[in-house]
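Peer 1: coords05.txt is the file, holding compact mmCIF, C-alpha atoms and all ligand atoms:
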```txt
# COMPACT_ATOMS: atom_id res chain seq x y z
CA MET A 502 0.00 0.00 0.00
CA SER A 503 1.31 3.46 -0.83
CA THR A 504 1.94 6.17 1.73
CA LEU A 505 -0.86 8.72 1.82
CA LEU A 506 0.20 10.86 4.76
CA SER A 507 3.76 11.50 5.99
CA LEU A 508 4.59 13.34 9.19
CA ARG A 509 8.21 14.30 9.69
CA ASP A 510 9.77 15.69 12.86
CA LEU A 511 6.39 17.09 13.90
CA TRP A 512 6.22 19.19 17.08
CA VAL A 513 3.18 20.80 18.69
CA GLU A 514 3.79 23.35 21.45
CA TYR A 515 1.42 25.68 23.29
CA GLY A 516 3.50 28.47 24.84
CA ASP A 517 6.31 26.72 26.72
CA LYS A 518 4.36 23.46 26.93
CA ILE A 519 5.56 20.78 24.54
CA VAL A 520 2.64 18.49 23.69
CA LEU A 521 4.05 16.44 20.81
CA GLU A 522 7.72 16.03 20.01
CA LYS A 523 9.45 14.53 17.03
CA VAL A 524 6.54 12.57 15.63
CA ASP A 525 7.60 10.66 12.50
CA LEU A 526 4.83 8.66 10.87
CA ASP A 527 3.92 7.25 7.48
CA ILE A 528 0.27 6.34 7.08
CA ALA A 529 -0.60 3.99 4.24
CA GLU A 530 -3.56 4.61 1.98
CA GLY A 531 -6.48 2.41 3.02
CA SER A 532 -5.23 1.78 6.53
CA PHE A 533 -7.31 2.13 9.70
CA VAL A 534 -5.03 3.62 12.35
CA SER A 535 -6.18 3.61 15.97
CA ILE A 536 -4.47 6.11 18.27
CA ILE A 537 -4.44 5.45 21.99
CA GLY A 538 -2.60 7.08 24.89
CA PRO A 539 -3.14 8.67 28.28
CA SER A 540 -5.28 11.74 28.72
CA GLY A 541 -3.37 14.84 27.66
CA ALA A 542 -0.89 12.91 25.49
CA GLY A 543 -1.79 15.05 22.50
CA LYS A 544 -4.02 12.67 20.54
CA SER A 545 -6.60 15.33 19.66
CA SER A 546 -3.82 17.84 18.95
CA LEU A 547 -2.37 15.41 16.43
CA LEU A 548 -5.77 15.04 14.74
CA ARG A 549 -6.21 18.82 14.65
CA VAL A 550 -2.92 19.36 12.82
CA ILE A 551 -3.72 16.59 10.35
CA LEU A 552 -7.15 18.16 9.82
CA GLY A 553 -5.49 21.54 9.21
CA GLN A 554 -7.32 23.22 12.10
CA GLU A 555 -3.93 24.05 13.65
CA SER A 556 -0.42 24.35 12.31
CA PRO A 557 2.38 22.33 13.89
CA THR A 558 5.05 24.36 15.66
CA ARG A 559 7.68 22.53 13.62
CA GLY A 560 7.85 19.74 11.11
CA THR A 561 6.08 18.81 7.91
CA ILE A 562 2.96 16.98 6.87
CA MET A 563 2.82 15.67 3.33
CA LEU A 564 -0.33 14.37 1.67
CA ASP A 565 0.42 12.29 -1.41
CA GLY A 566 3.92 13.72 -1.49
CA ALA A 567 2.77 17.38 -1.44
CA PRO A 568 2.74 19.68 1.61
CA LEU A 569 -0.64 19.58 3.32
CA ALA A 570 -2.71 22.73 2.78
CA PRO A 571 -2.81 24.60 6.11
CA GLU A 572 -6.61 24.65 6.25
CA CYS A 573 -9.35 22.04 6.46
CA GLY A 574 -9.89 20.72 2.92
CA PRO A 575 -12.44 18.39 1.36
CA ASP A 576 -9.83 15.62 1.35
CA ARG A 577 -10.22 15.32 5.15
CA GLY A 578 -13.45 14.72 7.04
CA VAL A 579 -13.87 14.60 10.79
CA VAL A 580 -16.31 13.20 13.36
CA PHE A 581 -16.04 14.24 17.02
CA GLN A 582 -17.41 12.60 20.14
CA ARG A 583 -19.88 15.38 20.73
CA TYR A 584 -22.54 15.68 18.14
CA SER A 585 -21.68 18.27 15.58
CA VAL A 586 -24.97 18.37 13.69
CA PHE A 587 -27.07 21.52 13.21
CA PRO A 588 -30.13 21.32 15.47
CA HIS A 589 -32.31 23.55 13.27
CA LEU A 590 -31.81 21.49 10.10
CA THR A 591 -33.40 18.14 9.22
CA VAL A 592 -31.29 15.05 8.61
CA LEU A 593 -31.39 15.64 4.85
CA GLN A 594 -30.67 19.38 5.17
CA ASN A 595 -27.77 18.66 7.54
CA THR A 596 -26.24 16.31 4.99
CA MET A 597 -26.88 18.54 1.97
CA PHE A 598 -25.37 21.53 3.78
CA GLY A 599 -21.75 20.53 3.02
CA LEU A 600 -22.53 20.19 -0.68
CA GLU A 601 -24.42 23.48 -0.71
CA CYS A 602 -21.52 25.30 0.97
CA ALA A 603 -19.06 23.82 -1.52
CA GLY A 604 -21.29 24.62 -4.52
CA SER A 605 -22.40 28.06 -3.36
CA PRO A 606 -19.97 29.43 -0.73
CA LEU A 607 -21.78 32.77 -0.30
CA THR A 608 -25.40 31.70 0.17
CA ALA A 609 -25.02 27.96 0.91
CA ARG A 610 -28.06 27.35 -1.33
CA LEU A 611 -28.25 25.40 -4.54
CA PHE A 612 -31.08 25.60 -7.06
CA GLY A 613 -32.55 23.54 -9.88
CA ALA A 614 -30.56 20.59 -11.18
CA ALA A 615 -27.62 21.24 -8.81
CA ARG A 616 -29.99 21.05 -5.84
CA ALA A 617 -31.63 17.88 -7.12
CA LYS A 618 -28.19 16.29 -7.58
CA ALA A 619 -27.10 17.28 -4.06
CA ARG A 620 -30.38 15.92 -2.68
CA ALA A 621 -29.88 12.58 -4.45
CA GLU A 622 -26.26 12.32 -3.22
CA ALA A 623 -27.27 13.16 0.35
CA THR A 624 -30.15 10.66 0.26
CA ALA A 625 -27.80 7.89 -0.97
CA MET A 626 -25.29 8.74 1.75
CA LEU A 627 -28.00 8.68 4.43
CA GLU A 628 -29.10 5.28 3.17
CA ALA A 629 -25.48 4.08 3.43
CA VAL A 630 -25.34 5.10 7.11
CA GLY A 631 -28.77 3.61 7.88
CA LEU A 632 -30.79 6.83 8.07
CA GLY A 633 -32.68 6.39 4.80
CA ASP A 634 -36.03 6.30 6.62
CA ASN A 635 -35.33 9.41 8.71
CA LEU A 636 -34.62 12.11 6.16
CA HIS A 637 -37.05 14.70 7.50
CA ILE A 638 -36.63 14.54 11.26
CA TYR A 639 -34.58 16.94 13.38
CA PRO A 640 -31.54 16.02 15.57
CA ALA A 641 -33.60 16.54 18.77
CA GLN A 642 -35.81 13.64 17.65
CA MET A 643 -32.82 11.31 17.23
CA SER A 644 -30.88 9.01 19.58
CA GLY A 645 -27.15 9.52 20.18
CA GLY A 646 -26.31 6.68 17.79
CA MET A 647 -28.49 8.19 15.07
CA GLN A 648 -26.85 11.59 15.55
CA GLN A 649 -23.42 9.99 15.14
CA ARG A 650 -24.62 8.26 11.96
CA LEU A 651 -25.66 11.71 10.72
CA ALA A 652 -22.28 13.18 11.71
CA ILE A 653 -20.58 10.40 9.71
CA ALA A 654 -22.83 11.11 6.70
CA GLN A 655 -21.93 14.82 6.95
CA ALA A 656 -18.23 13.96 7.05
CA LEU A 657 -18.40 11.53 4.11
CA ILE A 658 -20.67 13.53 1.79
CA LYS A 659 -17.71 15.51 0.46
CA ARG A 660 -15.93 12.21 -0.29
CA PRO A 661 -12.83 12.76 1.83
CA ARG A 662 -9.89 10.41 1.38
CA ILE A 663 -9.03 10.59 5.08
CA LEU A 664 -11.62 10.31 7.82
CA LEU A 665 -10.51 11.53 11.25
CA LEU A 666 -12.49 10.19 14.19
CA ASP A 667 -11.98 11.72 17.64
CA GLU A 668 -13.59 9.37 20.18
CA PRO A 669 -16.58 9.04 17.86
CA PHE A 670 -18.34 6.32 19.85
CA GLY A 671 -17.28 7.39 23.35
CA ALA A 672 -20.72 8.69 24.35
CA LEU A 673 -22.72 5.72 23.06
CA ASP A 674 -24.16 2.70 24.87
CA PRO A 675 -22.31 -0.61 24.31
CA GLY A 676 -24.97 -2.11 21.99
CA ILE A 677 -25.12 0.99 19.81
CA ARG A 678 -21.32 1.12 19.85
CA ALA A 679 -21.13 -2.40 18.39
CA ASP A 680 -23.55 -1.36 15.61
CA MET A 681 -21.40 1.68 14.88
CA HIS A 682 -18.26 -0.50 14.73
CA GLY A 683 -19.95 -2.58 12.04
CA LEU A 684 -21.03 0.55 10.18
CA ILE A 685 -17.64 2.27 10.21
CA THR A 686 -15.88 -0.91 9.03
CA GLN A 687 -18.38 -1.24 6.19
CA LEU A 688 -17.99 2.42 5.15
CA TRP A 689 -14.19 2.18 5.39
CA ARG A 690 -14.23 -0.63 2.83
CA GLU A 691 -17.02 0.72 0.65
CA PHE A 692 -15.50 4.20 0.28
CA GLY A 693 -11.84 3.07 0.26
CA LEU A 694 -11.14 5.39 3.19
CA THR A 695 -8.03 5.91 5.22
CA ILE A 696 -9.18 6.27 8.83
CA ILE A 697 -7.33 7.73 11.81
CA MET A 698 -9.31 7.18 15.00
CA VAL A 699 -8.53 8.39 18.52
CA THR A 700 -10.05 6.21 21.21
CA HIS A 701 -9.70 5.51 24.93
CA ASP A 702 -11.14 2.04 24.39
CA ILE A 703 -8.25 -0.39 23.84
CA ARG A 704 -10.58 -3.14 22.70
CA GLU A 705 -12.10 -0.84 20.09
CA ALA A 706 -8.61 0.25 18.97
CA PHE A 707 -7.53 -3.33 18.32
CA SER A 708 -10.82 -4.63 16.93
CA LEU A 709 -11.20 -1.89 14.32
CA GLY A 710 -7.63 -0.85 13.50
CA THR A 711 -5.18 -2.32 11.02
CA ARG A 712 -2.54 -0.54 13.07
CA VAL A 713 -2.45 0.75 16.64
CA LEU A 714 -0.29 3.70 17.66
CA ALA A 715 0.29 4.55 21.30
CA LEU A 716 1.25 8.16 22.05
CA ASP A 717 3.08 8.85 25.28
CA LYS A 718 6.10 10.68 26.67
CA ARG A 719 9.42 8.89 26.35
CA ARG A 720 11.06 11.27 28.81
CA HIS A 721 9.68 12.75 32.02
CA ASP A 722 11.06 15.59 34.08
CA PRO A 723 9.09 15.54 37.35
CA HIS A 724 10.13 19.15 38.01
CA ALA A 725 9.04 20.41 34.59
CA PRO A 726 6.51 17.97 33.09
CA HIS A 727 5.66 20.40 30.30
CA ARG A 728 9.20 20.34 28.89
CA PHE A 729 8.79 16.99 27.16
CA GLY A 730 6.12 16.03 24.68
CA ALA A 731 4.61 12.73 23.62
CA THR A 732 5.53 10.74 20.55
CA ALA A 733 4.59 7.34 19.09
CA VAL A 734 6.02 4.94 21.68
CA TYR A 735 4.37 1.82 20.24
CA ASP A 736 3.43 1.21 16.64
CA LEU A 737 1.72 -2.14 16.22
CA PRO A 738 0.77 -3.36 12.75
CA LEU A 739 -2.22 -5.71 12.81
CA ARG A 740 -3.73 -7.78 10.01
CA PRO A 741 -3.95 -6.08 6.60
CA ARG A 742 -7.45 -5.09 5.49
CA GLU A 743 -7.74 -7.79 2.77
CA GLU A 744 -7.79 -10.42 5.50
CA GLU A 745 -10.54 -8.67 7.38
CA ALA A 746 -14.05 -10.08 7.15
CA SER A 747 -15.64 -8.10 9.98
CA PRO A 748 -14.47 -6.15 13.02
CA ARG A 749 -12.33 -8.46 15.16
CA GLU A 750 -14.50 -7.77 18.22
CA GLU A 751 -17.53 -9.24 16.45
CA THR A 752 -15.55 -12.19 15.00
CA ALA A 753 -14.11 -13.03 18.39
CA ALA A 754 -17.52 -12.95 20.08
N1 LIG A 801 -5.20 25.39 22.37
C1 LIG A 801 -4.50 24.96 23.40
N2 LIG A 801 -3.79 25.82 24.18
C2 LIG A 801 -3.06 25.39 25.22
N3 LIG A 801 -2.94 24.09 25.58
C3 LIG A 801 -3.61 23.19 24.85
C4 LIG A 801 -4.41 23.57 23.73
N4 LIG A 801 -4.95 22.45 23.19
C5 LIG A 801 -4.51 21.43 23.94
N5 LIG A 801 -3.70 21.88 24.93
C6 LIG A 801 -3.01 21.04 25.91
O1 LIG A 801 -2.30 20.06 25.19
C7 LIG A 801 -2.32 18.83 25.90
C8 LIG A 801 -2.82 17.75 24.97
O2 LIG A 801 -4.19 17.95 24.71
P1 LIG A 801 -5.01 16.97 23.77
O3 LIG A 801 -6.45 17.36 23.86
O4 LIG A 801 -4.38 16.91 22.44
O5 LIG A 801 -4.77 15.56 24.52
P2 LIG A 801 -5.52 14.19 24.36
O6 LIG A 801 -4.49 13.12 24.34
O7 LIG A 801 -6.45 14.23 23.20
O8 LIG A 801 -6.34 14.14 25.73
P3 LIG A 801 -7.72 13.43 26.10
O9 LIG A 801 -7.48 11.96 25.94
O10 LIG A 801 -7.95 13.82 27.52
O11 LIG A 801 -8.77 13.95 25.17
C9 LIG A 801 -3.20 19.03 27.13
O12 LIG A 801 -2.36 19.25 28.23
C10 LIG A 801 -3.97 20.29 26.81
O13 LIG A 801 -4.27 21.01 27.96
```
Translate this file's structure into structure tokens.
Peer 2:
Amino acid sequence: MSTLLSLRDLWVEYGDKIVLEKVDLDIAEGSFVSIIGPSGAGKSSLLRVILGQESPTRGTIMLDGAPLAPECGPDRGVVFQRYSVFPHLTVLQNTMFGLECAGSPLTARLFGAARAKARAEATAMLEAVGLGDNLHIYPAQMSGGMQQRLAIAQALIKRPRILLLDEPFGALDPGIRADMHGLITQLWREFGLTIIMVTHDIREAFSLGTRVLALDKRRHDPHAPHRFGATAVYDLPLRPREEEASPREETAA
């Protein structure tokens, strides 16, 4: 598999606090990378710099061999733990919104054939995430799992190559979580995605990922804990995706 994303000598600092130091990573196209690590290790900070929400203090990020644009682009989608959907828009409107913004940046409205096309694309995406029967309801009428399905549809509608997931299932009940594991694995295959997922759930990290990265500090100074940042202390390749039939958690059960 070819390298899609390359991080070289990446540092993230806030003031005199070093959060990440000397992160060197190559992420293969089509991989599903789980990132684990203690609270405050810089997992979300790493996602934010890959997303383009923040610039690293030092170092480079290359996407397909070219420097990553320093802003969020359509090649990267993101789903956070907390629901990021618009409460005043229906499921369909929430999903069409990304296409309308891209097609009409000033008014975020499409008309005629362009609108019909966006509507058809959004409807197909909502069917793919299992919300095909709920196009016209509002987020307040949905369960947490349904809202996360909608957040995934919103992230995928612009056909990103990389999907960044920051604790996407952390707020869900165990049964719903298992359904979402099945869904994300299916979408990963169907859309040929490269996924980078931050999770606190080690079982989830290993059952979904083709690779597990642990971020932590290699060096500690008890008198100045902020002087050293975290880096990838473990990098565990798991089975390649071709060998995967279903999430390992479900196969093991
Ligand atoms: N904008 C910011 N300004 C200053 N410090 C920040 C900023 N963002 C994050 N930090 C600090 O950077 C460190 C890493 O934060 P980050 O959220 O990346 O960790 P994390 O590994 O995702 O943690 P958690 O597992 O608790 O979500 C924390 O100490 C945090 O307080």
Peer 1: Using all atoms listed in the file, find each protein or nucleic acid residue lying at most 6 Å from ligand LIG 801 (chain A); present the set as a tab-separated table (two decimals) with C-alpha atoms, in the frame of the given file.
Peer 2:
```tsv
chain	number	residue	atom	x	y	z
A	515	TYR	CA	1.42	25.68	23.29
A	520	VAL	CA	2.64	18.49	23.69
A	539	PRO	CA	-3.14	8.67	28.28
A	540	SER	CA	-5.28	11.74	28.72
A	541	GLY	CA	-3.37	14.84	27.66
A	542	ALA	CA	-0.89	12.91	25.49
A	543	GLY	CA	-1.79	15.05	22.50
A	544	LYS	CA	-4.02	12.67	20.54
A	545	SER	CA	-6.60	15.33	19.66
A	546	SER	CA	-3.82	17.84	18.95
```
Peer 1: Between A:Thr558, A:Thr711, A:Thr700, A:Thr695, single out the one closest to Ile519 of chain A, counting all atoms listed in the file.
Peer 2: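 The shortest atom-to-atom distance to Ile519 of chain A comes from A:Thr558.
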Peer 1: For His701 of chain A, list every protein, DNA or RNA residue within 9 Å, evaluated using all atoms listed in the file, and leave out those in the same chain fewer than 2 positions away; present the list as a VMD selection string.
Peer 2: chain A and resid 536 to 540 668 671 699 703 to 706
Peer 1: I'd like the neighbourhood of Ile528 of chain A as a ChimeraX atom specification, where a residue qualifies if any of its atoms comes within 8 Å (using all atoms listed in the file), though same-chain residues fewer than 4 positions away should be ignored.
Peer 2: /A:504-507,532,534
Peer 1: Suppose we keep C-alpha atoms; can you now write the selection as a PDB file, keeping the file's coordinate frame?
Peer 2:
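Saved the output as selection_0.pdb:
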```
ATOM      1  CA  THR A 504       1.940   6.170   1.730  1.00  0.00           C
ATOM      2  CA  LEU A 505      -0.860   8.720   1.820  1.00  0.00           C
ATOM      3  CA  LEU A 506       0.200  10.860   4.760  1.00  0.00           C
ATOM      4  CA  SER A 507       3.760  11.500   5.990  1.00  0.00           C
ATOM      5  CA  SER A 532      -5.230   1.780   6.530  1.00  0.00           C
ATOM      6  CA  VAL A 534      -5.030   3.620  12.350  1.00  0.00           C
TER       7      VAL A 534
END
```
Peer 1: Find the residues near Gly599 of chain A: any atom within 8 Å, counting only C-alpha atoms, skip ones fewer than 2 places away on the same chain, and give them as a list in words.
Peer 2: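 My list of contacting residues is Asn595, Thr596, Met597, Glu601, Cys602, Ala603, Gln655, Ile658 and Lys659 of chain A.
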Peer 1: What does the structure give for the distance between atom CA of Pro571 of chain A and atom CA of Leu666 of chain A, in Å to one decimal?
Peer 2: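 Rounded to one decimal, the two atoms are 19.1 Å apart.
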Peer 1: For Glu622 of chain A, work out the shell of residues within 12 Å, counting only C-alpha atoms and skipping chain neighbours fewer than 3 positions away, then give it as a short mmCIF file (atom, residue, chain, number, x, y, z; two decimals) with C-alpha atoms, in the frame of the given file.
Peer 2:
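Contents of the output file around.cif:
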```cif
data_model
loop_
_atom_site.label_atom_id
_atom_site.label_comp_id
_atom_site.auth_asym_id
_atom_site.auth_seq_id
_atom_site.Cartn_x
_atom_site.Cartn_y
_atom_site.Cartn_z
CA LEU A 593 -31.39 15.64 4.85
CA GLN A 594 -30.67 19.38 5.17
CA THR A 596 -26.24 16.31 4.99
CA MET A 597 -26.88 18.54 1.97
CA PHE A 598 -25.37 21.53 3.78
CA GLY A 599 -21.75 20.53 3.02
CA LEU A 600 -22.53 20.19 -0.68
CA GLU A 601 -24.42 23.48 -0.71
CA ALA A 615 -27.62 21.24 -8.81
CA ARG A 616 -29.99 21.05 -5.84
CA ALA A 617 -31.63 17.88 -7.12
CA LYS A 618 -28.19 16.29 -7.58
CA ALA A 619 -27.10 17.28 -4.06
CA ALA A 625 -27.80 7.89 -0.97
CA MET A 626 -25.29 8.74 1.75
CA LEU A 627 -28.00 8.68 4.43
CA GLU A 628 -29.10 5.28 3.17
CA ALA A 629 -25.48 4.08 3.43
CA GLY A 633 -32.68 6.39 4.80
CA ALA A 654 -22.83 11.11 6.70
CA GLN A 655 -21.93 14.82 6.95
CA LEU A 657 -18.40 11.53 4.11
CA ILE A 658 -20.67 13.53 1.79
CA LYS A 659 -17.71 15.51 0.46
CA ARG A 660 -15.93 12.21 -0.29
#
```
Peer 1: Identify which of the residues A:Ala614, A:Val513, A:Ile696, A:Leu521 lies closest to Arg720 of chain A, counting all atoms listed in the file when measuring atom-to-atom distances.
Peer 2: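 Of the candidates, the smallest distance to Arg720 of chain A is held by A:Leu521.
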Peer 1: To one decimal place, how far is atom CA of Arg583 of chain A from atom CA of Ile551 of chain A in Å?
Peer 2: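 Separation of atom CA of Arg583 of chain A and atom CA of Ile551 of chain A: 19.2 Å.
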Peer 1: I need every residue sitting at most 12 Å from the point (-22.9, 2.5, 22.6) (coordinates as in the file, only C-alpha atoms considered), written as a ChimeraX atom specification.
Peer 2: /A:582,644-647,649,668-682,702,705
Peer 1: Take atom CA of Leu547 of chain A and atom CA of Asp722 of chain A and report the distance between them in Å, one decimal.
Peer 2: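 Computed distance, atom CA of Leu547 of chain A to atom CA of Asp722 of chain A, equals 22.2 Å.
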